[in-house]
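Enquirer: I have a structure here, written as structure tokens, and I will follow up with some questions on it.
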Amino acid sequence: MGSRVDILNGRTATHSCDVCPLRPRDGYGCIWSVESEDAVDKVEQIRLKRDDILLECGRAYRNFWVLKAGFLRVVQYGRDGRRHVIMILRPGEVAGFAMPTSDALTVEAASDVVLCVLDKKQFVKRLASDGEFRRKVYRQQLEQLDRMHWLIWSIGALTPEERLAAFFAQATQYMPSRRGSDGSTVLTLELPRSDVADLLSTSTETVSRFTHRIEGLGWIKIIDPVHFRILDLKAIARLGQLPEDAIDTLEWRDESGPSDFATED
């Protein structure tokens, strides 16, 4: 477990929503930037390092946060100290709102992250008055619930290799990726292998064996521990038992622009 961060002292300067990279994504951008009379165009931000703790459920916080860059993990620790990653929060998603209340849960940085700070009272007021904002919030919650349902189903129905294949195929849709000169996709796996293993109820050794096996099949090329050249995305998706209609709609997303961590504010 990482260290708990002093959220108040971790803020950076105010940033404009107009230039946020989340804003232009069709239907998948930042829910806070929805056009509304109550919408704001500037927010404060904080940055966390990997393994820093954002939220300890059971504690009171006066803010919610929109994840601008990087990934958060929702973690449950058992009485024996064993860790279970029950969800990965993606860029554009809200942390803190409608979170489970178990004292055994924490929200931690799975990578270096940038978070936009939202005042809880303002968020709740807008939720009550802005129908479009409310729809986007609940749509996001439904998508997260669908991911959790799939995770529970896959742990019971799929082999570890099949779960890993589905994870890799789906990761190309929300993790940084760029088009290679040969037409392949270079995926940056921003999650540590330990997080992938704990999310999919397997081991880091199994994750390593899986990547080397599909490299042997010619489906990927391992560039380094976090970069993979995807050569046959549909073959990986089929191994992961993804529905054929979902496989047919897998598209490459270009995220080759500058990282939010490339420069200091």
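All residue names refer to the structure tokens as shown: chains lettered A, B, ... in order, residues numbered from 1 in each chain, ligands numbered from 1 in order.
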If we count only C-alpha atoms and set the cut-off at 10 Å, which residues sit around range 138-146 of chain A, ignoring sequence neighbours fewer than 4 positions away in its own chain? Please answer as a list in words.
Expert: Tyr28, Ile31, Met87, Ile88, Leu89, Arg90, Gly92, Glu93, Val94, Phe97, Ala98, Leu127, Phe133, Arg134, Trp150, Leu151 and Ile152 of chain A
Enquirer: Extract the full set of strand (DSSP E) residues from range 55-248 of chain A according to DSSP on the backbone, and format it as a ChimeraX atom specification.
Expert: /A:55-56,63-69,72-77,83-89,94-95,105-109,113-119,177-179,185-188,220-224,227-230
Enquirer: Tell me, as a CSV table (one decimal) with C-alpha atoms, in the first residue's frame, which residues lie within 12 Å of Asp224 in chain A, counting only C-alpha atoms; anything in the same chain fewer than 5 positions away does not count.
Expert:
```csv
chain,number,residue,atom,x,y,z
A,186,VAL,CA,1.9,0.0,-30.2
A,187,LEU,CA,0.1,-0.3,-26.8
A,188,THR,CA,1.5,1.2,-23.6
A,189,LEU,CA,0.4,-0.9,-20.7
A,208,SER,CA,4.5,-12.8,-18.1
A,211,THR,CA,2.6,-12.2,-23.2
A,212,HIS,CA,5.5,-14.5,-24.2
A,229,ARG,CA,3.3,-4.0,-30.7
```
Enquirer: Using only C-alpha atoms, pick whichever of A:Arg213, A:Asn63, A:Arg83, A:Trp153 has the shortest atom-to-atom distance to Gln122 in chain A.
Expert: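 Comparing A:Arg213, A:Asn63, A:Arg83, A:Trp153 against Gln122 in chain A, the winner is A:Asn63.
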Enquirer: Work out how far apart CA of Tyr77 in chain A and CA of Asp119 in chain A are and give it in Å to one decimal.
Expert: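 If I compute the distance from CA of Tyr77 in chain A to CA of Asp119 in chain A, I get 28.3 Å.
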Enquirer: Which residue out of A:Ser111, A:Val74, A:Ser201, A:Ile247 has the minimum interatomic distance to Ile155 in chain A when only C-alpha atoms are used?
Expert: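 Using only C-alpha atoms, the shortest distance to Ile155 in chain A belongs to A:Ser201.
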Enquirer: Could you please determine the separation between CA of Phe228 in chain A and CA of Phe167 in chain A in Å, to one decimal place?
Expert: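 A separation of 13.4 Å between them.
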Enquirer: Write out as an NGL selection string which residues come within 9 Å of Leu48 in chain A when counting only C-alpha atoms, dropping same-chain ones fewer than 2 positions away.
Expert: :A and (5 or 10 or 46 or 50-54 or 109 or 111-115)
Enquirer: May I have the residues from that selection written out with N, CA and C atoms, as a compact mmCIF listing (two decimals), in the first residue's frame?
Expert:
```
# COMPACT_ATOMS: atom_id res chain seq x y z
N VAL A 5 -2.10 10.80 0.71
CA VAL A 5 -1.67 12.11 0.25
C VAL A 5 -2.49 13.19 0.93
N GLY A 10 -1.82 19.21 -2.06
CA GLY A 10 -1.35 18.65 -3.32
C GLY A 10 -1.88 19.36 -4.55
N ILE A 46 -4.70 18.19 -8.99
CA ILE A 46 -3.65 17.61 -8.17
C ILE A 46 -2.97 16.51 -8.98
N ARG A 50 2.45 7.03 -8.56
CA ARG A 50 1.98 5.66 -8.46
C ARG A 50 2.05 5.17 -7.02
N ASP A 51 0.97 4.51 -6.58
CA ASP A 51 0.80 3.92 -5.26
C ASP A 51 0.37 4.92 -4.19
N ASP A 52 0.30 6.23 -4.51
CA ASP A 52 -0.27 7.17 -3.55
C ASP A 52 -1.75 6.84 -3.33
N ILE A 53 -2.23 7.08 -2.13
CA ILE A 53 -3.62 6.81 -1.79
C ILE A 53 -4.45 8.09 -1.92
N LEU A 54 -5.48 8.02 -2.75
CA LEU A 54 -6.37 9.17 -2.92
C LEU A 54 -7.50 9.13 -1.89
N ALA A 109 -3.44 5.39 -6.73
CA ALA A 109 -2.91 5.68 -8.06
C ALA A 109 -2.23 4.43 -8.59
N SER A 111 -0.94 4.48 -11.60
CA SER A 111 0.14 5.09 -12.37
C SER A 111 0.26 6.53 -11.86
N ASP A 112 1.18 7.30 -12.38
CA ASP A 112 1.15 8.73 -12.10
C ASP A 112 -0.16 9.27 -12.67
N VAL A 113 -0.86 10.10 -11.89
CA VAL A 113 -2.17 10.57 -12.33
C VAL A 113 -2.29 12.08 -12.17
N VAL A 114 -3.18 12.66 -12.97
CA VAL A 114 -3.62 14.05 -12.82
C VAL A 114 -5.11 14.02 -12.57
N LEU A 115 -5.55 14.72 -11.53
CA LEU A 115 -6.95 14.74 -11.13
C LEU A 115 -7.46 16.17 -11.07
```
Enquirer: What are the closest atom pairs, with distances in Å to one decimal, for all residues of range 67-112 of chain A lying within 9 Å of range 192-197 of chain A? Consider only C-alpha atoms, order rows by chain and residue number, and present the result as a Markdown table.
Expert:
```
| residue | atom | partner | partner_atom | distance |
| --- | --- | --- | --- | --- |
| A:Arg73 | CA | A:Asp195 | CA | 8.1 |
| A:His84 | CA | A:Asp195 | CA | 8.8 |
| A:Val85 | CA | A:Asp195 | CA | 6.8 |
| A:Ala110 | CA | A:Pro192 | CA | 7.3 |
| A:Ser111 | CA | A:Pro192 | CA | 8.0 |
```
Enquirer: Would you output that residue set with N, CA and C atoms, as a PDB file, in the first residue's frame?
Expert:
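What ended up in part.pdb:
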```pdb
ATOM      1  N   ARG A  73      -6.820   2.674  -9.155  1.00  0.00           N
ATOM      2  CA  ARG A  73      -7.328   1.345  -8.855  1.00  0.00           C
ATOM      3  C   ARG A  73      -8.169   1.408  -7.583  1.00  0.00           C
ATOM      4  N   HIS A  84      -7.024  -7.165  -3.362  1.00  0.00           N
ATOM      5  CA  HIS A  84      -7.861  -7.464  -4.519  1.00  0.00           C
ATOM      6  C   HIS A  84      -8.147  -6.149  -5.246  1.00  0.00           C
ATOM      7  N   VAL A  85      -7.786  -6.051  -6.512  1.00  0.00           N
ATOM      8  CA  VAL A  85      -8.150  -4.896  -7.331  1.00  0.00           C
ATOM      9  C   VAL A  85      -9.512  -5.189  -7.926  1.00  0.00           C
ATOM     10  N   ALA A 110      -2.731   3.913  -9.708  1.00  0.00           N
ATOM     11  CA  ALA A 110      -2.103   2.760 -10.353  1.00  0.00           C
ATOM     12  C   ALA A 110      -0.955   3.198 -11.254  1.00  0.00           C
ATOM     13  N   SER A 111      -0.939   4.481 -11.595  1.00  0.00           N
ATOM     14  CA  SER A 111       0.142   5.093 -12.368  1.00  0.00           C
ATOM     15  C   SER A 111       0.260   6.526 -11.857  1.00  0.00           C
TER      16      SER A 111
END
```
Enquirer: With only C-alpha atoms as the atoms that count, which of A:Val43, A:Ile86, A:Leu239, A:Ala104 lies nearest to Arg59 in chain A?
Expert: A:Ala104
Enquirer: Between CA of Pro160 in chain A and CA of Thr204 in chain A, what is the spacing in Å?
Expert: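 Spanning CA of Thr204 in chain A to CA of Pro160 in chain A is a straight-line distance of 11.1 Å.
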Enquirer: Compare A:Phe210, A:Phe71, A:Trp65, A:Tyr174 by their minimum atom-to-atom distance to Cys116 in chain A, counting only C-alpha atoms, and give me the closest one.
Expert: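 That would be A:Trp65, the residue with the smallest distance to Cys116 in chain A.
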Enquirer: Go through A:Thr159, A:Val137, A:Val124, A:Asp198 one by one, measure the shortest atom-to-atom distance of each to Arg82 in chain A using only C-alpha atoms, and give the residue with the smallest value.
Expert: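 The closest residue to Arg82 in chain A is A:Asp198.
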